[in-house]
Each structure stands twice: as structure tokens, then as C-alpha cells.
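See structure below.
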Amino acid sequence: MSECRALTNLIGNGVATIAISRWEGEVTPEILRANLRHATASPAKRS
């Protein structure tokens with residue numbers, strides 16, 4: 001039960017972070033798609 005609450009909290013925090021970032025104009029849908037598409041690349045390769 002505790003793991004389910006933790007997972008739900010983690011997902012909710014992620015969704016809220018993206019929603020607020022979009023609302024504030026800090027991130028665009030194109031940036032989100034690009035970052036999610038290449039999420040498995042190492043940070044050195046993204047630069």
C-alpha cells in the first residue's frame with residue numbers, strides 16, 4: 001500500500017511540474033517531445 005501511494009505521489013509531482021512549467025512558459029511542447037524522445041541518452045550526448 002505504501003508503494004502505491006509513493007508511486008502516485010511521484011507521478012502527480014511530475015505531472016504538476018510539467019503543467020506549471022507550460023503555464024509559466026518555461027517549456028514548450030516541442031521541447032518536451034524532444035526530451036522525452038531522447039530520455040535514454042546520457043547527459044553528455046544531449047549537449
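Starting from 1 in every chain, residues are counted up; chains themselves are A, B, ... following the order of the C-alpha cells, and ligands are numbered from 1 as listed.
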
- Task: Using backbone DSSP assignments, extract all alpha helix (DSSP H) residues from stretch 8-45 of chain A; output them as a VMD selection string.
- Result: chain A and resid 8 to 24 29 to 37 43 to 45

Selection from above, N, CA, C and O atoms, as an mmCIF file, in the first residue's frame, can you write it?
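Produced file out_30.cif, reproduced below:
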data_model
loop_
_atom_site.group_PDB
_atom_site.id
_atom_site.type_symbol
_atom_site.label_atom_id
_atom_site.label_comp_id
_atom_site.auth_asym_id
_atom_site.auth_seq_id
_atom_site.Cartn_x
_atom_site.Cartn_y
_atom_site.Cartn_z
ATOM 1 N N THR A 8 2.024 7.019 -6.814
ATOM 2 C CA THR A 8 1.012 8.005 -7.174
ATOM 3 C C THR A 8 1.521 9.422 -6.914
ATOM 4 O O THR A 8 1.348 10.321 -7.731
ATOM 5 N N ASN A 9 2.202 9.621 -5.806
ATOM 6 C CA ASN A 9 2.766 10.919 -5.466
ATOM 7 C C ASN A 9 3.835 11.322 -6.474
ATOM 8 O O ASN A 9 3.887 12.468 -6.921
ATOM 9 N N LEU A 10 4.693 10.395 -6.857
ATOM 10 C CA LEU A 10 5.748 10.667 -7.826
ATOM 11 C C LEU A 10 5.167 11.086 -9.177
ATOM 12 O O LEU A 10 5.594 12.085 -9.769
ATOM 13 N N ILE A 11 4.187 10.350 -9.652
ATOM 14 C CA ILE A 11 3.554 10.672 -10.934
ATOM 15 C C ILE A 11 2.842 12.016 -10.848
ATOM 16 O O ILE A 11 2.959 12.854 -11.749
ATOM 17 N N GLY A 12 2.134 12.253 -9.770
ATOM 18 C CA GLY A 12 1.433 13.527 -9.591
ATOM 19 C C GLY A 12 2.385 14.707 -9.554
ATOM 20 O O GLY A 12 2.121 15.755 -10.163
ATOM 21 N N ASN A 13 3.512 14.548 -8.885
ATOM 22 C CA ASN A 13 4.508 15.620 -8.841
ATOM 23 C C ASN A 13 5.085 15.892 -10.224
ATOM 24 O O ASN A 13 5.315 17.045 -10.596
ATOM 25 N N GLY A 14 5.322 14.838 -10.994
ATOM 26 C CA GLY A 14 5.836 15.013 -12.351
ATOM 27 C C GLY A 14 4.853 15.737 -13.253
ATOM 28 O O GLY A 14 5.213 16.656 -13.997
ATOM 29 N N VAL A 15 3.588 15.348 -13.179
ATOM 30 C CA VAL A 15 2.547 15.996 -13.985
ATOM 31 C C VAL A 15 2.399 17.457 -13.577
ATOM 32 O O VAL A 15 2.305 18.346 -14.431
ATOM 33 N N ALA A 16 2.398 17.724 -12.289
ATOM 34 C CA ALA A 16 2.266 19.105 -11.813
ATOM 35 C C ALA A 16 3.450 19.954 -12.262
ATOM 36 O O ALA A 16 3.285 21.112 -12.663
ATOM 37 N N THR A 17 4.640 19.396 -12.225
ATOM 38 C CA THR A 17 5.832 20.127 -12.656
ATOM 39 C C THR A 17 5.740 20.510 -14.123
ATOM 40 O O THR A 17 6.021 21.650 -14.504
ATOM 41 N N ILE A 18 5.312 19.577 -14.948
ATOM 42 C CA ILE A 18 5.169 19.864 -16.381
ATOM 43 C C ILE A 18 4.065 20.884 -16.613
ATOM 44 O O ILE A 18 4.228 21.826 -17.403
ATOM 45 N N ALA A 19 2.945 20.735 -15.933
ATOM 46 C CA ALA A 19 1.825 21.662 -16.118
ATOM 47 C C ALA A 19 2.212 23.090 -15.731
ATOM 48 O O ALA A 19 1.927 24.049 -16.468
ATOM 49 N N ILE A 20 2.881 23.251 -14.611
ATOM 50 C CA ILE A 20 3.282 24.588 -14.171
ATOM 51 C C ILE A 20 4.354 25.159 -15.096
ATOM 52 O O ILE A 20 4.330 26.352 -15.424
ATOM 53 N N SER A 21 5.270 24.325 -15.557
ATOM 54 C CA SER A 21 6.296 24.796 -16.493
ATOM 55 C C SER A 21 5.675 25.289 -17.786
ATOM 56 O O SER A 21 6.088 26.311 -18.337
ATOM 57 N N ARG A 22 4.678 24.575 -18.281
ATOM 58 C CA ARG A 22 3.983 25.018 -19.501
ATOM 59 C C ARG A 22 3.229 26.311 -19.241
ATOM 60 O O ARG A 22 3.236 27.230 -20.059
ATOM 61 N N TRP A 23 2.563 26.406 -18.098
ATOM 62 C CA TRP A 23 1.782 27.582 -17.750
ATOM 63 C C TRP A 23 2.674 28.820 -17.642
ATOM 64 O O TRP A 23 2.312 29.910 -18.081
ATOM 65 N N GLU A 24 3.847 28.647 -17.076
ATOM 66 C CA GLU A 24 4.782 29.748 -16.900
ATOM 67 C C GLU A 24 5.579 30.053 -18.169
ATOM 68 O O GLU A 24 6.341 31.011 -18.197
ATOM 69 N N PRO A 29 5.774 22.414 -25.948
ATOM 70 C CA PRO A 29 5.513 21.010 -26.299
ATOM 71 C C PRO A 29 6.641 20.396 -27.127
ATOM 72 O O PRO A 29 6.952 19.219 -26.979
ATOM 73 N N GLU A 30 7.284 21.192 -27.978
ATOM 74 C CA GLU A 30 8.375 20.672 -28.799
ATOM 75 C C GLU A 30 9.565 20.262 -27.932
ATOM 76 O O GLU A 30 10.195 19.229 -28.169
ATOM 77 N N ILE A 31 9.883 21.073 -26.940
ATOM 78 C CA ILE A 31 10.987 20.743 -26.027
ATOM 79 C C ILE A 31 10.657 19.481 -25.238
ATOM 80 O O ILE A 31 11.506 18.604 -25.068
ATOM 81 N N LEU A 32 9.420 19.377 -24.768
ATOM 82 C CA LEU A 32 9.018 18.173 -24.023
ATOM 83 C C LEU A 32 9.156 16.932 -24.891
ATOM 84 O O LEU A 32 9.698 15.917 -24.457
ATOM 85 N N ARG A 33 8.645 16.995 -26.123
ATOM 86 C CA ARG A 33 8.729 15.836 -27.018
ATOM 87 C C ARG A 33 10.175 15.451 -27.290
ATOM 88 O O ARG A 33 10.524 14.272 -27.273
ATOM 89 N N ALA A 34 11.016 16.438 -27.559
ATOM 90 C CA ALA A 34 12.424 16.154 -27.839
ATOM 91 C C ALA A 34 13.105 15.509 -26.636
ATOM 92 O O ALA A 34 13.856 14.548 -26.790
ATOM 93 N N ASN A 35 12.853 16.024 -25.444
ATOM 94 C CA ASN A 35 13.473 15.460 -24.242
ATOM 95 C C ASN A 35 12.936 14.076 -23.920
ATOM 96 O O ASN A 35 13.693 13.207 -23.488
ATOM 97 N N LEU A 36 11.647 13.854 -24.120
ATOM 98 C CA LEU A 36 11.087 12.536 -23.845
ATOM 99 C C LEU A 36 11.533 11.512 -24.884
ATOM 100 O O LEU A 36 11.736 10.345 -24.570
ATOM 101 N N ARG A 37 11.704 11.947 -26.120
ATOM 102 C CA ARG A 37 12.141 11.046 -27.183
ATOM 103 C C ARG A 37 13.566 10.564 -26.920
ATOM 104 O O ARG A 37 13.909 9.437 -27.219
ATOM 105 N N PRO A 43 23.498 12.383 -20.484
ATOM 106 C CA PRO A 43 23.549 13.857 -20.499
ATOM 107 C C PRO A 43 24.653 14.398 -21.418
ATOM 108 O O PRO A 43 24.487 15.437 -22.023
ATOM 109 N N ALA A 44 25.760 13.699 -21.537
ATOM 110 C CA ALA A 44 26.853 14.166 -22.383
ATOM 111 C C ALA A 44 26.436 14.170 -23.854
ATOM 112 O O ALA A 44 26.858 15.013 -24.627
ATOM 113 N N LYS A 45 25.592 13.240 -24.255
ATOM 114 C CA LYS A 45 25.156 13.158 -25.652
ATOM 115 C C LYS A 45 24.122 14.217 -25.988
ATOM 116 O O LYS A 45 23.949 14.570 -27.124
#
